[in-house]
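Read the structure below first, then the notes.
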Amino acid sequence: MRLHRLTLTAFGPFAGTEEVDFDRLASTGLFLLRGATGAGKSSVLDAVCYALYGEVPGARRGNPLRSDHAAPGLLTEVRLDLTLGSRRLEITRSPEQQRPKLRGTGTTTEKAQTLLREWAADAGDGTPGWRAVSRSHQEAGEEIRRLVGMSREQFCQVVLLPQGDFARFLRADTKQRAELLGRLFDTQRFGQVERWLAERRLRQEAAVRDGPQRLRDLAARAAEAAGAGGEPADDWLPAEDGAATSAAGLVDGVLGWAAILRSQAAEQQAVADAALAAARRAQADAD
């Protein structure tokens, strides 16, 4: 995003129309907004945020947008010329406000207005110029948010760091800085992920601790099924001495012992099959 020109009318402390030429300011590199308290430094940034999102930063959302010093007939308006991606855009916004009636006395309410325009090689008459894109608050807002890639809250947290919070950050100790950064950049979601990972780690550690006992239980059931003629498990399994027992050693022992049981079972199966076949032949001869 690159800002080109900002025009403010009856906005904040500015009673008339003021213009900020960002291209000229940035022509030599970085630039500084400097001025006495109340001179309007924050209002310039507020105006940029208002043009982009239709709202000022959260810390100042309660402040009135219209200048108390503006002439009654001069309407509050902010116009921002900027480049987003490869598109040159112009956003004009004005809040809902009171203006003198065109006829008679008193005032009437002027509704909020939004106009989004884009610079085009052909503005409709064959010449370059501004082409209207949208007059809808919602449509223009969605297009700007899509191009900027940040919501208003994210923009204010990352780009428009409130000066009061920044001063507190410079003076804060390590713990306070961590808390402030967490609030500014909304790191709560990362804390939730961290807690989820910690809980998952604890569950996995418990499962690992319980694994050897489950394996010994399975071995006991296999020994019971094998009966007295089976290979004794004690010759294969390490002693059950708590934390000193190697999980890998236990697994290797159980697998080796199970292989012996499987081999014995296969031999017994083969003997039983041969005996059954002989019995069937004898029965056939007798018939």
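In the structure tokens, chains take the letters A, B, ... in the order shown, each chain's residues start at 1, and ligands count up from 1 in the order shown.
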Pull the strand (DSSP E or B) assignments for region 10-230 of chain A out of DSSP run on the backbone, and list those residues as a ChimeraX atom specification. /A:11,17-21,66,77-84,87-94,97-100,107-110,113-120,129-134
Output the selection as a CSV table (one decimal), in the first residue's frame - N, CA and C atoms for each residue.
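Listed below is the output, out-v3.csv:
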chain,number,residue,atom,x,y,z
A,11,PHE,N,-12.5,18.2,9.3
A,11,PHE,CA,-12.3,16.9,10.0
A,11,PHE,C,-11.4,17.1,11.2
A,17,THR,N,-10.1,23.1,4.7
A,17,THR,CA,-9.6,22.0,3.9
A,17,THR,C,-8.1,22.0,3.9
A,18,GLU,N,-7.5,20.8,4.3
A,18,GLU,CA,-6.1,20.7,4.4
A,18,GLU,C,-5.7,19.5,3.5
A,19,GLU,N,-4.5,19.6,2.9
A,19,GLU,CA,-4.0,18.5,2.0
A,19,GLU,C,-2.6,18.1,2.4
A,20,VAL,N,-2.5,16.8,2.4
A,20,VAL,CA,-1.2,16.2,2.7
A,20,VAL,C,-0.7,15.4,1.5
A,21,ASP,N,0.5,15.9,1.0
A,21,ASP,CA,1.0,15.3,-0.2
A,21,ASP,C,2.1,14.3,0.2
A,66,ARG,N,-16.4,15.5,13.0
A,66,ARG,CA,-16.5,16.8,12.5
A,66,ARG,C,-15.8,17.8,13.4
A,77,GLU,N,-15.4,15.9,5.2
A,77,GLU,CA,-15.1,14.9,4.1
A,77,GLU,C,-13.6,14.5,4.2
A,78,VAL,N,-13.4,13.3,3.9
A,78,VAL,CA,-12.0,12.8,3.8
A,78,VAL,C,-11.8,12.1,2.4
A,79,ARG,N,-10.7,12.5,1.7
A,79,ARG,CA,-10.5,11.9,0.4
A,79,ARG,C,-9.0,11.4,0.5
A,80,LEU,N,-8.8,10.1,0.1
A,80,LEU,CA,-7.5,9.5,0.1
A,80,LEU,C,-7.2,8.9,-1.3
A,81,ASP,N,-6.1,9.3,-1.8
A,81,ASP,CA,-5.6,8.8,-3.1
A,81,ASP,C,-4.4,7.8,-2.8
A,82,LEU,N,-4.5,6.6,-3.2
A,82,LEU,CA,-3.5,5.6,-2.8
A,82,LEU,C,-3.4,4.5,-3.9
A,83,THR,N,-2.4,3.7,-3.8
A,83,THR,CA,-2.2,2.6,-4.7
A,83,THR,C,-2.2,1.3,-3.8
A,84,LEU,N,-3.0,0.4,-4.2
A,84,LEU,CA,-3.2,-0.9,-3.5
A,84,LEU,C,-2.9,-2.0,-4.5
A,87,ARG,N,-3.4,-1.2,-8.4
A,87,ARG,CA,-4.5,-0.4,-8.7
A,87,ARG,C,-4.4,1.0,-8.0
A,88,ARG,N,-4.6,2.0,-8.7
A,88,ARG,CA,-4.6,3.4,-8.2
A,88,ARG,C,-6.1,3.7,-7.9
A,89,LEU,N,-6.4,4.0,-6.6
A,89,LEU,CA,-7.7,4.2,-6.1
A,89,LEU,C,-7.9,5.5,-5.4
A,90,GLU,N,-9.1,6.0,-5.3
A,90,GLU,CA,-9.4,7.2,-4.6
A,90,GLU,C,-10.7,6.9,-3.8
A,91,ILE,N,-10.6,7.0,-2.5
A,91,ILE,CA,-11.7,6.8,-1.5
A,91,ILE,C,-12.1,8.1,-1.0
A,92,THR,N,-13.4,8.4,-1.1
A,92,THR,CA,-14.0,9.6,-0.5
A,92,THR,C,-15.1,9.2,0.5
A,93,ARG,N,-15.0,9.7,1.7
A,93,ARG,CA,-16.0,9.3,2.7
A,93,ARG,C,-16.4,10.6,3.5
A,94,SER,N,-17.6,10.6,3.9
A,94,SER,CA,-18.2,11.7,4.7
A,94,SER,C,-19.1,11.1,5.7
A,97,GLN,N,-24.0,13.8,9.2
A,97,GLN,CA,-23.8,15.1,9.9
A,97,GLN,C,-25.0,16.0,9.6
A,98,GLN,N,-25.0,17.1,10.4
A,98,GLN,CA,-26.0,18.1,10.2
A,98,GLN,C,-25.5,19.2,9.3
A,99,ARG,N,-26.4,19.7,8.4
A,99,ARG,CA,-26.1,20.8,7.6
A,99,ARG,C,-27.3,21.8,7.5
A,100,PRO,N,-27.0,23.0,7.2
A,100,PRO,CA,-28.2,24.0,7.1
A,100,PRO,C,-29.1,23.6,6.0
A,107,THR,N,-31.6,22.9,10.5
A,107,THR,CA,-30.7,22.0,9.9
A,107,THR,C,-31.4,20.7,9.4
A,108,THR,N,-30.7,20.0,8.6
A,108,THR,CA,-31.2,18.7,8.2
A,108,THR,C,-30.0,17.7,8.2
A,109,THR,N,-30.4,16.4,8.2
A,109,THR,CA,-29.3,15.4,8.4
A,109,THR,C,-28.8,15.0,7.0
A,110,GLU,N,-27.5,15.1,6.8
A,110,GLU,CA,-26.9,14.6,5.6
A,110,GLU,C,-26.4,13.2,5.8
A,113,GLN,N,-21.7,9.3,3.2
A,113,GLN,CA,-21.5,9.0,1.8
A,113,GLN,C,-20.1,8.3,1.7
A,114,THR,N,-20.1,7.4,0.7
A,114,THR,CA,-18.8,6.7,0.3
A,114,THR,C,-18.7,6.6,-1.2
A,115,LEU,N,-17.6,6.9,-1.7
A,115,LEU,CA,-17.3,6.8,-3.1
A,115,LEU,C,-15.9,6.2,-3.4
A,116,LEU,N,-15.9,5.1,-4.1
A,116,LEU,CA,-14.7,4.5,-4.4
A,116,LEU,C,-14.5,4.6,-5.9
A,117,ARG,N,-13.3,5.2,-6.3
A,117,ARG,CA,-13.0,5.4,-7.8
A,117,ARG,C,-11.6,4.8,-8.1
A,118,GLU,N,-11.4,4.4,-9.3
A,118,GLU,CA,-10.2,3.8,-9.8
A,118,GLU,C,-9.7,4.6,-11.0
A,119,TRP,N,-8.4,4.8,-11.1
A,119,TRP,CA,-7.8,5.5,-12.2
A,119,TRP,C,-7.7,4.5,-13.4
A,120,ALA,N,-8.3,4.9,-14.5
A,120,ALA,CA,-8.3,4.0,-15.7
A,120,ALA,C,-7.8,4.7,-16.9
A,129,GLY,N,-8.7,8.8,-16.7
A,129,GLY,CA,-9.3,9.6,-15.6
A,129,GLY,C,-9.9,8.6,-14.6
A,130,TRP,N,-10.6,9.2,-13.6
A,130,TRP,CA,-11.2,8.4,-12.5
A,130,TRP,C,-12.5,7.8,-13.0
A,131,ARG,N,-12.6,6.5,-12.7
A,131,ARG,CA,-13.8,5.8,-13.0
A,131,ARG,C,-14.5,5.3,-11.7
A,132,ALA,N,-15.8,5.6,-11.6
A,132,ALA,CA,-16.5,5.2,-10.4
A,132,ALA,C,-16.6,3.6,-10.3
A,133,VAL,N,-16.2,3.1,-9.1
A,133,VAL,CA,-16.3,1.7,-8.8
A,133,VAL,C,-17.5,1.3,-8.0
A,134,SER,N,-17.7,2.1,-6.9
A,134,SER,CA,-18.8,1.8,-6.0
A,134,SER,C,-19.2,3.0,-5.2
Need to verify the contact set: Trp236 (chain A), 7 Å, only C-alpha atoms, exclusion of same-chain residues closer than 3 positions in sequence. Can you return it as a list in words? Ala233, Gly253, Val254 and Trp257 of chain A
Got a sec: who's within 12 Å of Gly229 (chain A), counting only C-alpha atoms, leaving out chain neighbours fewer than 2 positions off, as a PDB file with N, CA and C atoms, in the first residue's frame?
ATOM      1  N   ALA A 223       0.054 -65.656  27.574  1.00  0.00           N
ATOM      2  CA  ALA A 223       0.614 -66.772  28.334  1.00  0.00           C
ATOM      3  C   ALA A 223      -0.490 -67.683  28.852  1.00  0.00           C
ATOM      4  N   GLU A 224      -1.585 -67.065  29.271  1.00  0.00           N
ATOM      5  CA  GLU A 224      -2.725 -67.848  29.763  1.00  0.00           C
ATOM      6  C   GLU A 224      -3.320 -68.688  28.640  1.00  0.00           C
ATOM      7  N   ALA A 225      -3.413 -68.092  27.445  1.00  0.00           N
ATOM      8  CA  ALA A 225      -3.972 -68.836  26.313  1.00  0.00           C
ATOM      9  C   ALA A 225      -3.043 -69.954  25.869  1.00  0.00           C
ATOM     10  N   ALA A 226      -1.717 -69.736  25.992  1.00  0.00           N
ATOM     11  CA  ALA A 226      -0.754 -70.754  25.559  1.00  0.00           C
ATOM     12  C   ALA A 226      -0.767 -71.962  26.482  1.00  0.00           C
ATOM     13  N   GLY A 227      -1.109 -71.751  27.740  1.00  0.00           N
ATOM     14  CA  GLY A 227      -1.172 -72.852  28.682  1.00  0.00           C
ATOM     15  C   GLY A 227       0.192 -73.262  29.200  1.00  0.00           C
ATOM     16  N   GLU A 231       5.943 -71.566  25.746  1.00  0.00           N
ATOM     17  CA  GLU A 231       7.227 -71.013  26.149  1.00  0.00           C
ATOM     18  C   GLU A 231       7.022 -70.069  27.322  1.00  0.00           C
ATOM     19  N   PRO A 232       7.777 -70.218  28.418  1.00  0.00           N
ATOM     20  CA  PRO A 232       7.616 -69.308  29.564  1.00  0.00           C
ATOM     21  C   PRO A 232       7.970 -67.868  29.193  1.00  0.00           C
ATOM     22  N   ALA A 233       7.124 -66.953  29.612  1.00  0.00           N
ATOM     23  CA  ALA A 233       7.360 -65.544  29.289  1.00  0.00           C
ATOM     24  C   ALA A 233       8.479 -64.944  30.121  1.00  0.00           C
ATOM     25  N   LEU A 261       5.982 -68.470  20.564  1.00  0.00           N
ATOM     26  CA  LEU A 261       4.626 -69.002  20.749  1.00  0.00           C
ATOM     27  C   LEU A 261       3.963 -69.294  19.415  1.00  0.00           C
ATOM     28  N   GLN A 264       5.456 -72.439  18.022  1.00  0.00           N
ATOM     29  CA  GLN A 264       4.938 -73.615  18.731  1.00  0.00           C
ATOM     30  C   GLN A 264       3.497 -73.899  18.316  1.00  0.00           C
ATOM     31  N   ALA A 265       2.704 -72.829  18.188  1.00  0.00           N
ATOM     32  CA  ALA A 265       1.305 -73.016  17.795  1.00  0.00           C
ATOM     33  C   ALA A 265       1.214 -73.615  16.401  1.00  0.00           C
ATOM     34  N   GLN A 268       2.026 -77.305  16.648  1.00  0.00           N
ATOM     35  CA  GLN A 268       0.895 -78.020  17.228  1.00  0.00           C
ATOM     36  C   GLN A 268      -0.247 -78.137  16.213  1.00  0.00           C
TER      37      GLN A 268
END
Run DSSP on the backbone and tell me which residues of region 48-109 of chain A come out as helix (DSSP H, G or I); list them as JSON, numbers by chain. {"A": [48, 49, 50, 51, 52, 53, 58, 59, 60]}
File dump, residues just selected, C-alpha atoms, as a PDB file, in the first residue's frame:
ATOM      1  CA  VAL A  48      -6.312   7.547   6.740  1.00  0.00           C
ATOM      2  CA  CYS A  49      -7.989   4.853   8.833  1.00  0.00           C
ATOM      3  CA  TYR A  50     -11.407   6.443   8.324  1.00  0.00           C
ATOM      4  CA  ALA A  51     -10.928   6.603   4.556  1.00  0.00           C
ATOM      5  CA  LEU A  52      -9.924   2.946   4.417  1.00  0.00           C
ATOM      6  CA  TYR A  53     -12.420   1.458   6.854  1.00  0.00           C
ATOM      7  CA  GLY A  58     -10.638   1.960  18.390  1.00  0.00           C
ATOM      8  CA  ALA A  59      -8.990   4.127  21.060  1.00  0.00           C
ATOM      9  CA  ARG A  60     -10.536   7.254  19.499  1.00  0.00           C
TER      10      ARG A  60
END
What is the CA of His69 (chain A)-CA of Lys111 (chain A) distance in Å, reported with one decimal? 20.6 Å
Mind checking which residues fall within 12 Å of Phe14 (chain A), counting only C-alpha atoms, ignoring those fewer than 3 positions away in the same chain, and posting them as number ranges by chain? A: 7-11, 17-19, 38-44, 47, 65-71, 74-78
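Separating CA of Val251 (chain A) from CA of Gly230 (chain A) is a distance of 19.1 Å.
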Looking at A:Gly73, A:Gly126, A:Leu237, A:Ala286, which one is nearest to Leu102 (chain A), with distances taken over only C-alpha atoms? A:Gly73
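Between CA of Asp46 (chain A) and CA of Leu6 (chain A) there is a distance of 11.3 Å.
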May I have the residues within 12 Å of Val159 (chain A) as a PyMOL selection string, using only C-alpha atoms and disregarding those fewer than 6 positions away in the same chain? chain A and resi 1+45-46+48-49+57+148+150-153+184-185
